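Participant: Pasting target.cif here (mmCIF, N, CA and C atoms and all ligand atoms):
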```cif
data_final
loop_
_atom_site.label_atom_id
_atom_site.label_comp_id
_atom_site.auth_asym_id
_atom_site.auth_seq_id
_atom_site.Cartn_x
_atom_site.Cartn_y
_atom_site.Cartn_z
N MET A 981 9.64 -36.77 36.57
CA MET A 981 10.36 -36.44 35.35
C MET A 981 9.64 -36.97 34.12
N LYS A 982 9.07 -38.20 34.26
CA LYS A 982 8.31 -38.77 33.15
C LYS A 982 7.12 -37.89 32.80
N HIS A 983 6.45 -37.36 33.85
CA HIS A 983 5.30 -36.50 33.61
C HIS A 983 5.68 -35.26 32.83
N TRP A 984 6.82 -34.67 33.16
CA TRP A 984 7.26 -33.46 32.48
C TRP A 984 7.47 -33.75 30.99
N LYS A 985 8.11 -34.87 30.69
CA LYS A 985 8.34 -35.22 29.28
C LYS A 985 7.02 -35.43 28.56
N PHE A 986 6.08 -36.07 29.25
CA PHE A 986 4.77 -36.30 28.64
C PHE A 986 4.08 -34.98 28.33
N PHE A 987 4.06 -34.07 29.31
CA PHE A 987 3.39 -32.78 29.08
C PHE A 987 4.12 -31.95 28.04
N ARG A 988 5.44 -32.02 28.04
CA ARG A 988 6.21 -31.26 27.04
C ARG A 988 5.86 -31.77 25.64
N THR A 989 5.74 -33.09 25.50
CA THR A 989 5.37 -33.66 24.20
C THR A 989 3.98 -33.21 23.79
N LEU A 990 3.04 -33.25 24.76
CA LEU A 990 1.68 -32.78 24.46
C LEU A 990 1.68 -31.34 23.98
N ILE A 991 2.43 -30.49 24.68
CA ILE A 991 2.47 -29.07 24.32
C ILE A 991 3.07 -28.90 22.92
N LEU A 992 4.15 -29.63 22.65
CA LEU A 992 4.80 -29.49 21.34
C LEU A 992 3.88 -29.95 20.21
N ILE A 993 3.04 -30.94 20.49
CA ILE A 993 2.14 -31.46 19.44
C ILE A 993 0.92 -30.58 19.28
N PHE A 994 0.31 -30.17 20.38
CA PHE A 994 -0.98 -29.49 20.29
C PHE A 994 -0.91 -27.98 20.18
N LEU A 995 0.11 -27.36 20.69
CA LEU A 995 0.17 -25.89 20.65
C LEU A 995 0.13 -25.35 19.22
N PRO A 996 0.95 -25.88 18.28
CA PRO A 996 0.85 -25.36 16.90
C PRO A 996 -0.53 -25.57 16.31
N SER A 997 -1.18 -26.69 16.62
CA SER A 997 -2.53 -26.95 16.09
C SER A 997 -3.52 -25.93 16.62
N ILE A 998 -3.43 -25.65 17.92
CA ILE A 998 -4.34 -24.67 18.52
C ILE A 998 -4.14 -23.30 17.88
N ILE A 999 -2.88 -22.92 17.66
CA ILE A 999 -2.60 -21.61 17.05
C ILE A 999 -3.15 -21.57 15.64
N LEU A 1000 -2.98 -22.65 14.87
CA LEU A 1000 -3.49 -22.69 13.51
C LEU A 1000 -5.01 -22.56 13.48
N VAL A 1001 -5.69 -23.28 14.37
CA VAL A 1001 -7.15 -23.22 14.41
C VAL A 1001 -7.61 -21.82 14.78
N MET A 1002 -6.93 -21.19 15.76
CA MET A 1002 -7.35 -19.85 16.19
C MET A 1002 -7.17 -18.83 15.07
N ASN A 1003 -6.12 -18.98 14.26
CA ASN A 1003 -5.87 -18.00 13.21
C ASN A 1003 -6.63 -18.28 11.94
N GLY A 1004 -7.18 -19.47 11.80
CA GLY A 1004 -7.78 -19.89 10.54
C GLY A 1004 -8.90 -19.02 10.04
N CYS A 1005 -9.74 -18.51 10.91
CA CYS A 1005 -10.91 -17.77 10.47
C CYS A 1005 -10.85 -16.30 10.87
N GLN A 1006 -9.66 -15.81 11.18
CA GLN A 1006 -9.57 -14.41 11.58
C GLN A 1006 -9.73 -13.49 10.38
N GLN A 1007 -10.28 -12.33 10.63
CA GLN A 1007 -10.32 -11.29 9.61
C GLN A 1007 -8.88 -10.86 9.36
N ARG A 1008 -8.48 -10.89 8.10
CA ARG A 1008 -7.09 -10.59 7.80
C ARG A 1008 -6.90 -9.18 7.24
N ASP A 1009 -7.93 -8.37 7.33
CA ASP A 1009 -7.78 -7.03 6.80
C ASP A 1009 -6.65 -6.29 7.49
N VAL A 1010 -5.96 -5.50 6.74
CA VAL A 1010 -4.88 -4.70 7.30
C VAL A 1010 -5.18 -3.23 7.02
N ILE A 1011 -6.44 -2.88 7.23
CA ILE A 1011 -6.91 -1.57 6.83
C ILE A 1011 -6.20 -0.49 7.62
N SER A 1012 -5.77 0.50 6.87
CA SER A 1012 -5.11 1.64 7.46
C SER A 1012 -6.03 2.32 8.46
N GLY A 1013 -5.46 2.83 9.53
CA GLY A 1013 -6.25 3.57 10.50
C GLY A 1013 -6.71 4.91 9.95
N ASN A 1014 -6.10 5.34 8.85
CA ASN A 1014 -6.42 6.63 8.26
C ASN A 1014 -7.10 6.45 6.92
N ASP A 1015 -7.92 7.43 6.58
CA ASP A 1015 -8.40 7.49 5.21
C ASP A 1015 -7.17 7.48 4.30
N PHE A 1016 -7.37 7.03 3.07
CA PHE A 1016 -6.28 7.15 2.12
C PHE A 1016 -6.80 7.61 0.77
N PHE A 1017 -5.86 8.07 -0.03
CA PHE A 1017 -6.17 8.65 -1.32
C PHE A 1017 -5.34 7.95 -2.38
N ILE A 1018 -5.97 7.53 -3.45
CA ILE A 1018 -5.23 6.95 -4.58
C ILE A 1018 -5.19 8.00 -5.68
N ASP A 1019 -3.99 8.37 -6.07
CA ASP A 1019 -3.83 9.33 -7.15
C ASP A 1019 -3.96 8.57 -8.47
N LEU A 1020 -4.99 8.88 -9.23
CA LEU A 1020 -5.24 8.11 -10.45
C LEU A 1020 -4.39 8.59 -11.63
N THR A 1021 -3.43 9.47 -11.37
CA THR A 1021 -2.47 9.82 -12.42
C THR A 1021 -1.12 9.15 -12.18
N THR A 1022 -0.86 8.72 -10.92
CA THR A 1022 0.45 8.14 -10.61
C THR A 1022 0.35 6.77 -9.92
N GLY A 1023 -0.77 6.48 -9.28
CA GLY A 1023 -0.90 5.27 -8.48
C GLY A 1023 -0.38 5.42 -7.07
N ASN A 1024 0.12 6.62 -6.73
CA ASN A 1024 0.59 6.83 -5.36
C ASN A 1024 -0.57 6.88 -4.39
N VAL A 1025 -0.36 6.29 -3.23
CA VAL A 1025 -1.37 6.29 -2.17
C VAL A 1025 -0.85 7.16 -1.04
N THR A 1026 -1.64 8.13 -0.65
CA THR A 1026 -1.24 9.04 0.42
C THR A 1026 -2.28 9.03 1.53
N ASP A 1027 -1.87 9.51 2.71
CA ASP A 1027 -2.83 9.63 3.81
C ASP A 1027 -3.47 11.02 3.74
N ARG A 1028 -4.29 11.34 4.73
CA ARG A 1028 -5.04 12.61 4.66
C ARG A 1028 -4.13 13.82 4.81
N ASN A 1029 -2.88 13.59 5.26
CA ASN A 1029 -1.92 14.69 5.35
C ASN A 1029 -1.04 14.80 4.11
N GLY A 1030 -1.36 13.97 3.11
CA GLY A 1030 -0.56 14.00 1.88
C GLY A 1030 0.72 13.21 1.96
N MET A 1031 0.90 12.46 3.05
CA MET A 1031 2.13 11.67 3.21
C MET A 1031 2.03 10.38 2.39
N TYR A 1032 3.09 10.08 1.68
CA TYR A 1032 3.14 8.88 0.84
C TYR A 1032 3.03 7.63 1.72
N GLN A 1033 2.17 6.68 1.32
CA GLN A 1033 2.00 5.44 2.06
C GLN A 1033 2.48 4.23 1.26
N THR A 1034 2.08 4.16 0.02
CA THR A 1034 2.46 3.05 -0.84
C THR A 1034 2.08 3.44 -2.26
N SER A 1035 2.27 2.52 -3.18
CA SER A 1035 1.80 2.79 -4.53
C SER A 1035 1.01 1.59 -5.03
N VAL A 1036 0.15 1.86 -5.98
CA VAL A 1036 -0.66 0.81 -6.59
C VAL A 1036 -0.24 0.73 -8.06
N PRO A 1037 0.63 -0.22 -8.40
CA PRO A 1037 1.17 -0.26 -9.77
C PRO A 1037 0.09 -0.44 -10.84
N ASP A 1038 -1.00 -1.12 -10.50
CA ASP A 1038 -2.03 -1.38 -11.49
C ASP A 1038 -3.20 -0.39 -11.39
N TYR A 1039 -2.89 0.84 -10.95
CA TYR A 1039 -3.93 1.84 -10.73
C TYR A 1039 -4.75 2.14 -11.99
N ALA A 1040 -4.13 1.95 -13.19
CA ALA A 1040 -4.85 2.23 -14.44
C ALA A 1040 -6.07 1.32 -14.60
N ASN A 1041 -6.11 0.21 -13.86
CA ASN A 1041 -7.32 -0.64 -13.87
C ASN A 1041 -8.56 0.18 -13.53
N LEU A 1042 -8.37 1.20 -12.70
CA LEU A 1042 -9.52 1.97 -12.22
C LEU A 1042 -10.07 2.92 -13.29
N TYR A 1043 -9.41 2.99 -14.43
CA TYR A 1043 -9.97 3.75 -15.56
C TYR A 1043 -11.08 2.95 -16.23
N LEU A 1044 -11.05 1.64 -16.04
CA LEU A 1044 -11.91 0.74 -16.80
C LEU A 1044 -13.13 0.31 -15.98
N THR A 1045 -14.24 0.14 -16.62
CA THR A 1045 -15.42 -0.41 -15.96
C THR A 1045 -15.09 -1.81 -15.47
N GLY A 1046 -15.27 -2.04 -14.21
CA GLY A 1046 -14.95 -3.35 -13.64
C GLY A 1046 -13.51 -3.48 -13.18
N GLY A 1047 -12.70 -2.46 -13.45
CA GLY A 1047 -11.29 -2.53 -13.03
C GLY A 1047 -11.16 -2.46 -11.52
N GLU A 1048 -10.16 -3.13 -10.99
CA GLU A 1048 -10.01 -3.19 -9.54
C GLU A 1048 -8.55 -3.15 -9.14
N VAL A 1049 -8.31 -2.70 -7.91
CA VAL A 1049 -6.99 -2.76 -7.30
C VAL A 1049 -7.20 -3.19 -5.85
N TYR A 1050 -6.12 -3.64 -5.23
CA TYR A 1050 -6.17 -4.02 -3.82
C TYR A 1050 -5.15 -3.18 -3.07
N VAL A 1051 -5.60 -2.57 -2.00
CA VAL A 1051 -4.68 -1.76 -1.19
C VAL A 1051 -5.15 -1.78 0.26
N PHE A 1052 -4.21 -2.03 1.17
CA PHE A 1052 -4.48 -2.07 2.61
C PHE A 1052 -5.63 -3.00 2.97
N GLY A 1053 -5.76 -4.14 2.28
CA GLY A 1053 -6.82 -5.09 2.61
C GLY A 1053 -8.18 -4.68 2.09
N ILE A 1054 -8.21 -3.75 1.15
CA ILE A 1054 -9.47 -3.26 0.60
C ILE A 1054 -9.44 -3.46 -0.91
N ILE A 1055 -10.55 -3.95 -1.47
CA ILE A 1055 -10.70 -3.98 -2.92
C ILE A 1055 -11.39 -2.68 -3.33
N VAL A 1056 -10.78 -1.99 -4.27
CA VAL A 1056 -11.34 -0.75 -4.80
C VAL A 1056 -11.62 -1.01 -6.28
N PHE A 1057 -12.83 -0.72 -6.71
CA PHE A 1057 -13.16 -1.02 -8.11
C PHE A 1057 -14.14 0.01 -8.67
N LYS A 1058 -14.20 0.01 -10.00
CA LYS A 1058 -15.16 0.88 -10.70
C LYS A 1058 -16.30 0.00 -11.17
N GLY A 1059 -17.49 0.27 -10.64
CA GLY A 1059 -18.66 -0.53 -10.98
C GLY A 1059 -19.20 -0.22 -12.36
N ILE A 1060 -20.17 -0.98 -12.79
CA ILE A 1060 -20.74 -0.75 -14.12
C ILE A 1060 -21.50 0.56 -14.17
N ASP A 1061 -21.80 1.14 -13.00
CA ASP A 1061 -22.45 2.46 -12.97
C ASP A 1061 -21.42 3.58 -12.97
N GLN A 1062 -20.13 3.22 -13.17
CA GLN A 1062 -19.01 4.17 -13.24
C GLN A 1062 -18.69 4.82 -11.89
N GLN A 1063 -19.24 4.27 -10.82
CA GLN A 1063 -18.93 4.76 -9.48
C GLN A 1063 -17.82 3.90 -8.89
N PHE A 1064 -17.04 4.50 -7.99
CA PHE A 1064 -16.00 3.74 -7.30
C PHE A 1064 -16.56 3.16 -6.01
N TYR A 1065 -16.14 1.93 -5.72
CA TYR A 1065 -16.57 1.24 -4.51
C TYR A 1065 -15.34 0.70 -3.79
N ALA A 1066 -15.46 0.58 -2.49
CA ALA A 1066 -14.37 0.03 -1.68
C ALA A 1066 -14.98 -0.87 -0.62
N LEU A 1067 -14.52 -2.12 -0.58
CA LEU A 1067 -15.02 -3.08 0.41
C LEU A 1067 -13.84 -3.89 0.92
N SER A 1068 -14.05 -4.60 2.03
CA SER A 1068 -12.97 -5.42 2.53
C SER A 1068 -12.59 -6.48 1.49
N GLN A 1069 -11.30 -6.68 1.37
CA GLN A 1069 -10.76 -7.58 0.35
C GLN A 1069 -10.94 -9.04 0.69
N TYR A 1070 -10.93 -9.35 1.99
CA TYR A 1070 -10.89 -10.74 2.42
C TYR A 1070 -12.24 -11.23 2.93
N HIS A 1071 -12.62 -12.41 2.49
CA HIS A 1071 -13.79 -13.07 3.02
C HIS A 1071 -13.36 -13.90 4.23
N THR A 1072 -14.26 -14.66 4.80
CA THR A 1072 -14.05 -15.27 6.11
C THR A 1072 -12.81 -16.14 6.21
N ASP A 1073 -12.49 -16.90 5.19
CA ASP A 1073 -11.32 -17.78 5.27
C ASP A 1073 -10.07 -17.11 4.72
N GLY A 1074 -10.12 -15.81 4.58
CA GLY A 1074 -8.97 -15.10 4.06
C GLY A 1074 -8.88 -15.11 2.56
N CYS A 1075 -9.93 -15.56 1.90
CA CYS A 1075 -9.93 -15.58 0.43
C CYS A 1075 -10.18 -14.18 -0.10
N THR A 1076 -9.51 -13.84 -1.16
CA THR A 1076 -9.61 -12.52 -1.76
C THR A 1076 -10.76 -12.47 -2.75
N VAL A 1077 -11.70 -11.55 -2.51
CA VAL A 1077 -12.84 -11.42 -3.41
C VAL A 1077 -12.44 -10.63 -4.65
N ALA A 1078 -13.21 -10.79 -5.71
CA ALA A 1078 -12.98 -10.05 -6.95
C ALA A 1078 -14.31 -9.53 -7.46
N TYR A 1079 -14.27 -8.39 -8.14
CA TYR A 1079 -15.48 -7.83 -8.73
C TYR A 1079 -15.70 -8.46 -10.10
N GLN A 1080 -16.91 -8.92 -10.35
CA GLN A 1080 -17.23 -9.50 -11.65
C GLN A 1080 -18.32 -8.68 -12.32
N VAL A 1081 -17.93 -8.08 -13.42
CA VAL A 1081 -18.83 -7.17 -14.13
C VAL A 1081 -20.11 -7.88 -14.56
N GLY A 1082 -20.00 -9.11 -15.02
CA GLY A 1082 -21.16 -9.85 -15.52
C GLY A 1082 -22.26 -9.97 -14.47
N TYR A 1083 -21.88 -10.11 -13.23
CA TYR A 1083 -22.85 -10.19 -12.14
C TYR A 1083 -23.11 -8.83 -11.50
N ASP A 1084 -22.19 -7.89 -11.71
CA ASP A 1084 -22.17 -6.63 -10.96
C ASP A 1084 -22.13 -6.93 -9.46
N GLU A 1085 -21.30 -7.92 -9.13
CA GLU A 1085 -21.17 -8.35 -7.74
C GLU A 1085 -19.72 -8.75 -7.47
N LEU A 1086 -19.42 -8.88 -6.20
CA LEU A 1086 -18.13 -9.42 -5.80
C LEU A 1086 -18.29 -10.92 -5.58
N VAL A 1087 -17.29 -11.68 -5.97
CA VAL A 1087 -17.37 -13.12 -5.84
C VAL A 1087 -16.14 -13.61 -5.08
N CYS A 1088 -16.39 -14.48 -4.11
CA CYS A 1088 -15.29 -15.10 -3.38
C CYS A 1088 -14.97 -16.43 -4.06
N PRO A 1089 -13.73 -16.65 -4.45
CA PRO A 1089 -13.40 -17.86 -5.21
C PRO A 1089 -13.43 -19.14 -4.37
N CYS A 1090 -13.38 -19.02 -3.05
CA CYS A 1090 -13.26 -20.23 -2.24
C CYS A 1090 -14.51 -21.10 -2.30
N ASP A 1091 -15.68 -20.50 -2.03
CA ASP A 1091 -16.93 -21.26 -2.08
C ASP A 1091 -17.98 -20.56 -2.94
N GLN A 1092 -17.52 -19.62 -3.75
CA GLN A 1092 -18.39 -18.94 -4.72
C GLN A 1092 -19.51 -18.12 -4.10
N TYR A 1093 -19.30 -17.61 -2.90
CA TYR A 1093 -20.29 -16.69 -2.35
C TYR A 1093 -20.27 -15.41 -3.18
N HIS A 1094 -21.43 -14.78 -3.30
CA HIS A 1094 -21.55 -13.51 -4.02
C HIS A 1094 -21.99 -12.42 -3.03
N PHE A 1095 -21.53 -11.21 -3.34
CA PHE A 1095 -21.88 -10.04 -2.51
C PHE A 1095 -22.25 -8.89 -3.43
N ASP A 1096 -23.23 -8.11 -3.01
CA ASP A 1096 -23.51 -6.90 -3.79
C ASP A 1096 -22.50 -5.82 -3.42
N LYS A 1097 -22.63 -4.66 -4.05
CA LYS A 1097 -21.66 -3.59 -3.86
C LYS A 1097 -21.78 -2.95 -2.48
N TYR A 1098 -22.78 -3.38 -1.73
CA TYR A 1098 -22.96 -2.85 -0.38
C TYR A 1098 -22.58 -3.88 0.68
N GLY A 1099 -21.92 -4.95 0.23
CA GLY A 1099 -21.34 -5.92 1.15
C GLY A 1099 -22.27 -7.04 1.57
N GLN A 1100 -23.54 -7.00 1.10
CA GLN A 1100 -24.50 -8.03 1.53
C GLN A 1100 -24.38 -9.29 0.68
N GLU A 1101 -24.47 -10.43 1.32
CA GLU A 1101 -24.44 -11.70 0.59
C GLU A 1101 -25.66 -11.81 -0.31
N THR A 1102 -25.46 -12.16 -1.55
CA THR A 1102 -26.58 -12.43 -2.45
C THR A 1102 -26.62 -13.92 -2.81
N PHE A 1103 -25.52 -14.60 -2.55
CA PHE A 1103 -25.47 -16.05 -2.73
C PHE A 1103 -24.50 -16.60 -1.71
N GLY A 1104 -24.96 -17.54 -0.90
CA GLY A 1104 -24.12 -18.09 0.16
C GLY A 1104 -25.03 -18.63 1.24
N ASN A 1105 -24.49 -18.74 2.44
CA ASN A 1105 -25.35 -19.27 3.51
C ASN A 1105 -25.88 -18.17 4.43
N GLY A 1106 -25.67 -16.92 4.01
CA GLY A 1106 -26.25 -15.81 4.76
C GLY A 1106 -25.54 -15.46 6.04
N SER A 1107 -24.33 -15.94 6.20
CA SER A 1107 -23.65 -15.74 7.48
C SER A 1107 -22.54 -14.71 7.44
N SER A 1108 -22.31 -14.09 6.29
CA SER A 1108 -21.17 -13.19 6.23
C SER A 1108 -21.49 -11.95 5.41
N TYR A 1109 -20.61 -11.02 5.47
CA TYR A 1109 -20.76 -9.77 4.72
C TYR A 1109 -19.36 -9.21 4.49
N LEU A 1110 -19.26 -8.23 3.65
CA LEU A 1110 -18.01 -7.51 3.44
C LEU A 1110 -18.20 -6.09 3.97
N THR A 1111 -17.21 -5.59 4.65
CA THR A 1111 -17.28 -4.22 5.16
C THR A 1111 -17.18 -3.23 4.00
N VAL A 1112 -18.00 -2.23 4.04
CA VAL A 1112 -18.05 -1.23 2.97
C VAL A 1112 -17.40 0.06 3.46
N TYR A 1113 -16.63 0.70 2.58
CA TYR A 1113 -16.00 1.98 2.88
C TYR A 1113 -16.49 3.00 1.88
N ALA A 1114 -16.81 4.17 2.37
CA ALA A 1114 -17.27 5.24 1.47
C ALA A 1114 -16.11 5.70 0.60
N THR A 1115 -16.46 6.19 -0.57
CA THR A 1115 -15.44 6.74 -1.47
C THR A 1115 -15.94 8.07 -2.02
N SER A 1116 -15.00 8.87 -2.47
CA SER A 1116 -15.35 10.05 -3.25
C SER A 1116 -14.20 10.30 -4.21
N TYR A 1117 -14.50 11.00 -5.28
CA TYR A 1117 -13.49 11.21 -6.32
C TYR A 1117 -13.50 12.68 -6.73
N SER A 1118 -12.32 13.28 -6.71
CA SER A 1118 -12.20 14.68 -7.09
C SER A 1118 -10.76 14.96 -7.47
N ASN A 1119 -10.56 15.72 -8.53
CA ASN A 1119 -9.21 16.13 -8.97
C ASN A 1119 -8.24 14.96 -9.07
N ASN A 1120 -8.67 13.89 -9.68
CA ASN A 1120 -7.86 12.68 -9.89
C ASN A 1120 -7.50 11.95 -8.61
N LEU A 1121 -8.08 12.35 -7.49
CA LEU A 1121 -7.81 11.66 -6.22
C LEU A 1121 -9.05 10.88 -5.80
N LEU A 1122 -8.85 9.59 -5.61
CA LEU A 1122 -9.93 8.72 -5.13
C LEU A 1122 -9.75 8.57 -3.62
N HIS A 1123 -10.69 9.09 -2.88
CA HIS A 1123 -10.62 9.11 -1.42
C HIS A 1123 -11.36 7.90 -0.88
N VAL A 1124 -10.70 7.09 -0.09
CA VAL A 1124 -11.35 5.95 0.58
C VAL A 1124 -11.39 6.26 2.07
N TYR A 1125 -12.59 6.27 2.60
CA TYR A 1125 -12.80 6.64 4.01
C TYR A 1125 -12.75 5.37 4.85
N THR A 1126 -11.81 5.31 5.80
CA THR A 1126 -11.69 4.14 6.66
C THR A 1126 -12.08 4.56 8.09
N PRO A 1127 -12.38 3.59 8.93
CA PRO A 1127 -12.83 3.97 10.29
C PRO A 1127 -11.74 4.70 11.06
S1 LIG B 1201 -14.35 -18.23 2.19
FE1 LIG B 1201 -15.41 -17.03 0.75
S2 LIG B 1201 -16.98 -18.29 0.03
FE2 LIG B 1201 -16.01 -19.52 1.51
#
```
Please render this file's structure as structure tokens.

Facilitator:
Amino acid sequence: MKHWKFFRTLILIFLPSIILVMNGCQQRDVISGNDFFIDLTTGNVTDRNGMYQTSVPDYANLYLTGGEVYVFGIIVFKGIDQQFYALSQYHTDGCTVAYQVGYDELVCPCDQYHFDKYGQETFGNGSSYLTVYATSYSNNLLHVYTP
């Protein structure tokens, strides 16, 4: 009986720690299984069948050079070349990256790693990257292609 209490105590102490450690560095992207479309006149996000998925209240950011929105774990922004880009929103520790016009790069606020618009690290320890998603724009619809 003493052994059972000892093991139960061990489990109660260590199990939450093990779960925390296992989840700490997981990719937290929640990328839709389907391509999605952002309507730049309404902010509505639809799937390839035109079905409503969600809305992006700050969609007007995408009118501006350097403007960005976050949807389904993806940062979508307008680069200084006036092209739209889409990359994974989260870096390794779950930190949300942001596009910085001054660098024309994405910057992770946690340890200040930088990434180019193609997801490659330009400043950091060379161990990470951001997933890139193709985009196209036509008739006020910004198409983000997901796997
Ligand atoms: S988690 Fe992004 S730089 Fe460290």

Participant: Excluding A:Gly1013 and residues on its chain fewer than 6 positions from it, collect all residues at most 8 Å away from it, counting all atoms listed in the file, and give them as a PyMOL selection string.

Facilitator: chain A and resi 1125-1127

Participant: Residues within 7 Å of ligand LIG 1201 (chain B) (only N, CA and C atoms and all ligand atoms), as a JSON list (two decimals) with N, CA and C atoms, in the coordinates of the input?

Facilitator:
```
[["chain", "number", "residue", "atom", "x", "y", "z"],
["A", 1070, "TYR", "N", -10.93, -9.35, 1.99],
["A", 1070, "TYR", "CA", -10.89, -10.74, 2.42],
["A", 1070, "TYR", "C", -12.24, -11.23, 2.93],
["A", 1071, "HIS", "N", -12.62, -12.41, 2.49],
["A", 1071, "HIS", "CA", -13.79, -13.07, 3.02],
["A", 1071, "HIS", "C", -13.36, -13.90, 4.23],
["A", 1072, "THR", "N", -14.26, -14.66, 4.80],
["A", 1072, "THR", "CA", -14.05, -15.27, 6.11],
["A", 1072, "THR", "C", -12.81, -16.14, 6.21],
["A", 1073, "ASP", "N", -12.49, -16.90, 5.19],
["A", 1073, "ASP", "CA", -11.32, -17.78, 5.27],
["A", 1073, "ASP", "C", -10.07, -17.11, 4.72],
["A", 1074, "GLY", "N", -10.12, -15.81, 4.58],
["A", 1074, "GLY", "CA", -8.97, -15.10, 4.06],
["A", 1074, "GLY", "C", -8.88, -15.11, 2.56],
["A", 1075, "CYS", "N", -9.93, -15.56, 1.90],
["A", 1075, "CYS", "CA", -9.93, -15.58, 0.43],
["A", 1075, "CYS", "C", -10.18, -14.18, -0.10],
["A", 1076, "THR", "N", -9.51, -13.84, -1.16],
["A", 1076, "THR", "CA", -9.61, -12.52, -1.76],
["A", 1076, "THR", "C", -10.76, -12.47, -2.75],
["A", 1087, "VAL", "N", -17.29, -11.68, -5.97],
["A", 1087, "VAL", "CA", -17.37, -13.12, -5.84],
["A", 1087, "VAL", "C", -16.14, -13.61, -5.08],
["A", 1088, "CYS", "N", -16.39, -14.48, -4.11],
["A", 1088, "CYS", "CA", -15.29, -15.10, -3.38],
["A", 1088, "CYS", "C", -14.97, -16.43, -4.06],
["A", 1089, "PRO", "N", -13.73, -16.65, -4.45],
["A", 1089, "PRO", "CA", -13.40, -17.86, -5.21],
["A", 1089, "PRO", "C", -13.43, -19.14, -4.37],
["A", 1090, "CYS", "N", -13.38, -19.02, -3.05],
["A", 1090, "CYS", "CA", -13.26, -20.23, -2.24],
["A", 1090, "CYS", "C", -14.51, -21.10, -2.30],
["A", 1091, "ASP", "N", -15.68, -20.50, -2.03],
["A", 1091, "ASP", "CA", -16.93, -21.26, -2.08],
["A", 1091, "ASP", "C", -17.98, -20.56, -2.94],
["A", 1092, "GLN", "N", -17.52, -19.62, -3.75],
["A", 1092, "GLN", "CA", -18.39, -18.94, -4.72],
["A", 1092, "GLN", "C", -19.51, -18.12, -4.10],
["A", 1093, "TYR", "N", -19.30, -17.61, -2.90],
["A", 1093, "TYR", "CA", -20.29, -16.69, -2.35],
["A", 1093, "TYR", "C", -20.27, -15.41, -3.18],
["A", 1094, "HIS", "N", -21.43, -14.78, -3.30],
["A", 1094, "HIS", "CA", -21.55, -13.51, -4.02],
["A", 1094, "HIS", "C", -21.99, -12.42, -3.03]]
```

Participant: Determine, counting only N, CA and C atoms, which protein, DNA and RNA residues have an atom within 6.5 Å of an atom of A:Gln1100; residues of the same chain fewer than 5 positions away are not included. Present the result as a VMD selection string.

Facilitator: chain A and resid 1094 to 1095 1108 to 1110

Participant: Box along x, y and z, 6 Å on every side, all listed atoms of stretch 1101-1116 of chain A inside: centre and edge lengths in Å to one decimal, as AutoDock Vina command-line options.

Facilitator:
```
--center_x -20.4 --center_y -4.5 --center_z 1.6 --size_x 24.4 --size_y 41.6 --size_z 23.7
```

Participant: What is the distance, in Å and to one decimal place, between atom CA of A:Gly1046 and atom N of A:Asn1029?

Facilitator: 28.1 Å

Participant: List the spatial neighbours of stretch 1018-1024 of chain A as a list in words - criterion: any atom at most 6.5 Å away, all atoms listed in the file, same-chain residues fewer than 5 positions off excluded.

Facilitator: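 Result of the neighbour search: Gln1033, Thr1034, Ser1035, Val1036, Pro1037, Tyr1039, Asn1120, Leu1121, Leu1122, His1123 and Val1124 of chain A.
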
Participant: Go ahead and compute the interatomic distance for atom N of A:Ser1116 and atom N of A:Tyr1043, in Å to one decimal.

Facilitator: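 Here the two named atoms are 14.5 Å from each other.
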